[in-house]
Structure formats: C-alpha cells, structure tokens
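Student: I have a structure I would like to understand better, so I am pasting it below and will then ask my questions one at a time.
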Amino acid sequence: MSALVRMRIAGFVRGGRALPPLIAVLVVLGVIYGGGASPAAVAYGYSAAALFPVLAWLTKLLLDTEPDVQRRLARLAVGPAREATSGVLAAVVLSLAVCVAAMAAPWLFGGIDTSQALGSGIALGVLAHLLAVPPAVALGALSSRAVTGSVRLGVTVLVVSAVLVVVLGLSGSFAPWLVPPVMATARALNDPAVPPTGTLALLIAWAAAWCAAAYAGYGWLRRARS
C-alpha cells in the first residue's frame, strides 16, 4: 500500500495539479501574516481555519488525478479497503506537509509575536492544524470523483460543504455539531492564554466523532459505487 501512496503523490505533483493549491496556500498565508505580528495561538488558529478548504480542495485534486480505470485496477490489485485507504493516506501526508510549511512561514516574515505565550501558542497551533487535517481530507474525499461520479457534482459538494463549515461553525449556530470544529477551534485560540482543558478535550472529541462518521460514510459510498 505504501507504493500506491507514493505513486499517487508522485502523479499529483508531477502532473502539475499541486500548483493551484500551492498558490492558494501562499495567498492565504500572505493575507494572514501580511498585517504584522500576532500571538502564536491566535495566528495559528486562524491559519488552520483558513487552510481547511484549501486542504479539502487539495485532497479532491489528488484523488481525482488518477484515471478511473487505473483506480479500478488498483482495487483489484490491493483490495478495495487498501486502495481507498491509500488515497486518504496520500492526502494526509501532503496536508501535513502544507501545515508544517504554514507553521514555519510566519517566522520568515516576523509574523509571530514572541513576547506572548510562545511555547503554549506553538503547541496550540500544532493542535489546531492537527484538528483541521482529518476533516479536511474527509471532505475532499467525499467530494472526489470516485464518490460523486462527476467533476461538476464533486465541485458543488466541496464548495457547499466548505461554506457550511464556516456558516454552521459561527458562534450561535443552530447546529454546530453538523460540521467539524474548525471555527470553534479558531475562536478558542483567539486568546493567547491556554484554553481550559475541558474545552480542548471537547474540541478533540468533537473532531474525532465527526471524522469517524465522515470516513465511515466515505467507505460506504466507495463500496456502493465500486
């Protein structure tokens, strides 16, 4: 399965499909850190939230790079579960690489205020990005061509879902539990001080439960459409 993961990453990068998400990441980071230094927790919280739709888009592009016939051959070669898992793992690897770059970028431009809770801010920033990656990959996978059957429908699912993550994630939302806690995490990190342990535990449990449901749905849809 590791060979299939490497093959999908190589095809995505060498085929040029990685360029649009890379440009989007640069734009997002430029907007976030172009206004001056911010406490690490605040900056990284907004970074994780802003990167969420980009990572979902990256995942969709990665999974859509492989032709349908090649994907079916891979299912025959390694089995349906391992074929589907390899795509998700490839997206996770690339998403984590983007998050590492996003956390390193502000240090090159003085975008982090080192005078306010630096150590805890970096730790919270790592947590914020780790909470954003799995649901972003799940959203991208659910909007992939292998699930939706067409590029147009996949783009619609991706855009509508990304908008709902923001709208339903706003403070006072009537159903925040329908979306991953991306916006809730950004709000919790809006203060440089460390949030209460209960708040962090709730965010982690919330993200884990949402991802469990999303990946279960992805697995079922892949089996149903294979």
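Residues in the structure tokens are numbered from 1 in each chain, the chains being A, B, ... in the order shown, and ligands are numbered from 1 in the order shown.
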Which polymer residues have any atom within 8 Å of an atom of Leu131 of chain A, counting only C-alpha atoms, with same-chain residues fewer than 6 positions away left out, as an mmCIF file with N, CA, C and O atoms, in the first residue's frame?

Tutor:
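Listing of around21.cif after writing:
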```cif
data_model
loop_
_atom_site.group_PDB
_atom_site.id
_atom_site.type_symbol
_atom_site.label_atom_id
_atom_site.label_comp_id
_atom_site.auth_asym_id
_atom_site.auth_seq_id
_atom_site.Cartn_x
_atom_site.Cartn_y
_atom_site.Cartn_z
ATOM 1 N N PRO A 181 -15.119 21.030 14.110
ATOM 2 C CA PRO A 181 -14.916 22.221 14.958
ATOM 3 C C PRO A 181 -13.788 23.132 14.468
ATOM 4 O O PRO A 181 -12.924 23.533 15.252
ATOM 5 N N VAL A 182 -13.775 23.462 13.181
ATOM 6 C CA VAL A 182 -12.722 24.311 12.644
ATOM 7 C C VAL A 182 -12.850 25.737 13.175
ATOM 8 O O VAL A 182 -11.896 26.319 13.689
ATOM 9 N N ILE A 204 -11.353 18.057 20.679
ATOM 10 C CA ILE A 204 -10.739 16.819 20.173
ATOM 11 C C ILE A 204 -11.803 15.733 19.992
ATOM 12 O O ILE A 204 -11.837 15.037 18.963
ATOM 13 N N ALA A 207 -14.066 16.613 16.979
ATOM 14 C CA ALA A 207 -13.403 16.339 15.700
ATOM 15 C C ALA A 207 -13.324 14.839 15.439
ATOM 16 O O ALA A 207 -13.544 14.377 14.313
#
```

Student: Could you pull the residues within 9 Å of Leu22 of chain A, counting only C-alpha atoms, minus those fewer than 5 positions along the same chain, as a list in words?

Tutor: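 Neighbouring residues, sequence-local ones excluded: Val27, Val54, Leu58 and Val98 of chain A.
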
Student: Using only C-alpha atoms, please write the residues we just selected to a file, as a CSV table (one decimal), in the first residue's frame.

Tutor:
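Saved the output as part_3.csv:
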```csv
chain,number,residue,atom,x,y,z
A,27,VAL,CA,-2.2,33.7,-0.9
A,54,VAL,CA,-7.5,24.5,0.7
A,58,LEU,CA,-6.0,19.5,-2.4
A,98,VAL,CA,1.3,22.0,4.0
```

Student: Could you check which of A:Arg8, A:Arg75, A:Arg82, A:Arg187 is closest to Tyr46 of chain A, using only C-alpha atoms?

Tutor: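 Using only C-alpha atoms, Tyr46 of chain A sits closest to A:Arg187.
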
Student: Identify all residues of segment 14-226 of chain A in strand (DSSP E or B) (DSSP on the backbone) and supply them as a ChimeraX atom specification.

Tutor: /A:38-39,112-113

Student: Hey, which of A:Ala117, A:Ala104, A:Ala74, A:Val167 ends up closest to Ala184 of chain A? Count only C-alpha atoms.

Tutor: A:Val167

Student: With a distance cut-off of 12 Å and only C-alpha atoms, select the neighbouring residues of Pro195 of chain A, excluding the residue or stretch itself and same-chain residues fewer than 4 positions from it, and output the selection as a PDB file with C-alpha atoms, in the first residue's frame.

Tutor:
```
ATOM      1  CA  ALA A  41      -2.029  30.764  19.275  1.00  0.00           C
ATOM      2  CA  VAL A  42      -4.163  33.395  17.542  1.00  0.00           C
ATOM      3  CA  SER A 120       1.937  27.209  24.578  1.00  0.00           C
ATOM      4  CA  GLY A 121       0.932  29.138  21.455  1.00  0.00           C
ATOM      5  CA  ALA A 123       1.634  23.769  20.924  1.00  0.00           C
ATOM      6  CA  LEU A 124      -1.924  25.020  20.438  1.00  0.00           C
ATOM      7  CA  ALA A 184     -14.731  26.651  17.159  1.00  0.00           C
ATOM      8  CA  THR A 185     -11.022  25.893  17.419  1.00  0.00           C
ATOM      9  CA  ALA A 186     -10.107  29.274  15.917  1.00  0.00           C
ATOM     10  CA  ARG A 187     -12.371  31.001  18.453  1.00  0.00           C
ATOM     11  CA  ALA A 188     -10.901  29.010  21.345  1.00  0.00           C
ATOM     12  CA  LEU A 189      -7.401  30.122  20.311  1.00  0.00           C
ATOM     13  CA  ASN A 190      -8.371  33.767  19.818  1.00  0.00           C
ATOM     14  CA  ASP A 191      -6.930  34.480  23.263  1.00  0.00           C
ATOM     15  CA  THR A 199     -12.563  22.989  26.069  1.00  0.00           C
ATOM     16  CA  LEU A 200      -9.609  21.312  24.359  1.00  0.00           C
ATOM     17  CA  ALA A 201     -10.945  17.843  25.234  1.00  0.00           C
ATOM     18  CA  LEU A 202     -14.348  18.775  23.791  1.00  0.00           C
ATOM     19  CA  LEU A 203     -12.789  20.011  20.538  1.00  0.00           C
TER      20      LEU A 203
END
```

Student: Taking 3 positions as the minimum chain separation for residues in the same chain, which residues sit within 8 Å of Lys60 of chain A when counting only C-alpha atoms? Answer as a PDB file with N, CA, C and O atoms, in the first residue's frame.

Tutor:
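File part-v4.pdb, as written:
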```pdb
ATOM      1  N   ALA A  56      -8.978  20.561   1.781  1.00  0.00           N
ATOM      2  CA  ALA A  56     -10.049  19.744   1.207  1.00  0.00           C
ATOM      3  C   ALA A  56      -9.952  19.741  -0.315  1.00  0.00           C
ATOM      4  O   ALA A  56     -10.126  18.701  -0.965  1.00  0.00           O
ATOM      5  N   TRP A  57      -9.685  20.902  -0.891  1.00  0.00           N
ATOM      6  CA  TRP A  57      -9.518  21.007  -2.347  1.00  0.00           C
ATOM      7  C   TRP A  57      -8.313  20.203  -2.820  1.00  0.00           C
ATOM      8  O   TRP A  57      -8.377  19.498  -3.824  1.00  0.00           O
ATOM      9  N   LEU A  63      -7.139  12.912  -5.349  1.00  0.00           N
ATOM     10  CA  LEU A  63      -7.905  11.696  -5.613  1.00  0.00           C
ATOM     11  C   LEU A  63      -8.456  11.665  -7.033  1.00  0.00           C
ATOM     12  O   LEU A  63      -8.688  10.584  -7.584  1.00  0.00           O
ATOM     13  N   ASP A  64      -8.684  12.834  -7.620  1.00  0.00           N
ATOM     14  CA  ASP A  64      -9.207  12.892  -8.992  1.00  0.00           C
ATOM     15  C   ASP A  64      -8.112  12.787 -10.044  1.00  0.00           C
ATOM     16  O   ASP A  64      -8.412  12.682 -11.241  1.00  0.00           O
ATOM     17  N   GLY A 140     -12.661  16.431   1.332  1.00  0.00           N
ATOM     18  CA  GLY A 140     -12.136  16.285  -0.019  1.00  0.00           C
ATOM     19  C   GLY A 140     -12.419  14.910  -0.593  1.00  0.00           C
ATOM     20  O   GLY A 140     -12.738  14.770  -1.785  1.00  0.00           O
ATOM     21  N   ALA A 141     -12.307  13.882   0.239  1.00  0.00           N
ATOM     22  CA  ALA A 141     -12.579  12.520  -0.226  1.00  0.00           C
ATOM     23  C   ALA A 141     -14.051  12.338  -0.598  1.00  0.00           C
ATOM     24  O   ALA A 141     -14.375  11.690  -1.599  1.00  0.00           O
ATOM     25  N   SER A 143     -15.977  14.523  -1.764  1.00  0.00           N
ATOM     26  CA  SER A 143     -16.292  15.273  -2.978  1.00  0.00           C
ATOM     27  C   SER A 143     -15.503  14.776  -4.187  1.00  0.00           C
ATOM     28  O   SER A 143     -15.586  15.360  -5.263  1.00  0.00           O
ATOM     29  N   SER A 144     -14.743  13.707  -4.007  1.00  0.00           N
ATOM     30  CA  SER A 144     -13.927  13.183  -5.104  1.00  0.00           C
ATOM     31  C   SER A 144     -14.805  12.524  -6.162  1.00  0.00           C
ATOM     32  O   SER A 144     -15.949  12.133  -5.904  1.00  0.00           O
ATOM     33  N   ARG A 145     -14.251  12.375  -7.355  1.00  0.00           N
ATOM     34  CA  ARG A 145     -14.991  11.798  -8.478  1.00  0.00           C
ATOM     35  C   ARG A 145     -15.405  10.358  -8.203  1.00  0.00           C
ATOM     36  O   ARG A 145     -16.447   9.895  -8.685  1.00  0.00           O
TER      37      ARG A 145
END
```

Student: What is the distance, in Å and to one decimal place, between atom CA of Gly219 of chain A and atom CA of Leu130 of chain A?

Tutor: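 Going from atom CA of Gly219 of chain A over to atom CA of Leu130 of chain A, I get 21.7 Å.
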
Student: Check the smallest atom-to-atom distance from each of A:Pro53, A:Pro192, A:Pro20, A:Pro67 to Ala40 of chain A using only C-alpha atoms, then report the winner.

Tutor: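 Smallest separation from Ala40 of chain A among the options: A:Pro192.
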
Student: As a ChimeraX atom specification, list the residues of chain A assigned to alpha helix (DSSP H) by DSSP on the backbone atoms of this structure.

Tutor: /A:2-14,19-33,40-65,68-78,80-108,118-142,145-148,151-167,182-188,197-225

Student: Looking at A:Leu139, A:Leu61, A:Ala216, A:Val155, which one is nearest to Pro21 of chain A, with distances taken over only C-alpha atoms?

Tutor: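 Among A:Leu139, A:Leu61, A:Ala216, A:Val155, it is A:Leu61 that comes nearest to Pro21 of chain A.
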
Student: Which residues are near Ala90 of chain A? Cut-off 9 Å, only C-alpha atoms, ignore same chain within fewer than 6 positions. Put them as a PDB file with N, CA and C atoms, in the first residue's frame.

Tutor:
```pdb
ATOM      1  N   LEU A   4       1.522   2.418  -3.425  1.00  0.00           N
ATOM      2  CA  LEU A   4       0.375   3.100  -4.034  1.00  0.00           C
ATOM      3  C   LEU A   4       0.268   4.535  -3.522  1.00  0.00           C
ATOM      4  N   VAL A   5       0.574   4.737  -2.251  1.00  0.00           N
ATOM      5  CA  VAL A   5       0.582   6.093  -1.693  1.00  0.00           C
ATOM      6  C   VAL A   5       1.625   6.948  -2.406  1.00  0.00           C
ATOM      7  N   ARG A   6       2.822   6.412  -2.549  1.00  0.00           N
ATOM      8  CA  ARG A   6       3.890   7.163  -3.223  1.00  0.00           C
ATOM      9  C   ARG A   6       3.538   7.444  -4.680  1.00  0.00           C
ATOM     10  N   ARG A   8       0.569   7.847  -5.995  1.00  0.00           N
ATOM     11  CA  ARG A   8      -0.460   8.883  -6.100  1.00  0.00           C
ATOM     12  C   ARG A   8       0.118  10.263  -5.793  1.00  0.00           C
ATOM     13  N   ILE A   9       1.002  10.338  -4.832  1.00  0.00           N
ATOM     14  CA  ILE A   9       1.643  11.624  -4.543  1.00  0.00           C
ATOM     15  C   ILE A   9       2.503  12.065  -5.723  1.00  0.00           C
ATOM     16  N   THR A  59      -7.103  17.575  -1.442  1.00  0.00           N
ATOM     17  CA  THR A  59      -7.460  16.161  -1.370  1.00  0.00           C
ATOM     18  C   THR A  59      -8.285  15.745  -2.572  1.00  0.00           C
ATOM     19  N   LEU A  62      -6.066  15.533  -5.615  1.00  0.00           N
ATOM     20  CA  LEU A  62      -5.204  14.360  -5.532  1.00  0.00           C
ATOM     21  C   LEU A  62      -5.953  13.091  -5.907  1.00  0.00           C
ATOM     22  N   LEU A  63      -7.139  12.912  -5.349  1.00  0.00           N
ATOM     23  CA  LEU A  63      -7.905  11.696  -5.613  1.00  0.00           C
ATOM     24  C   LEU A  63      -8.456  11.665  -7.033  1.00  0.00           C
TER      25      LEU A  63
END
```
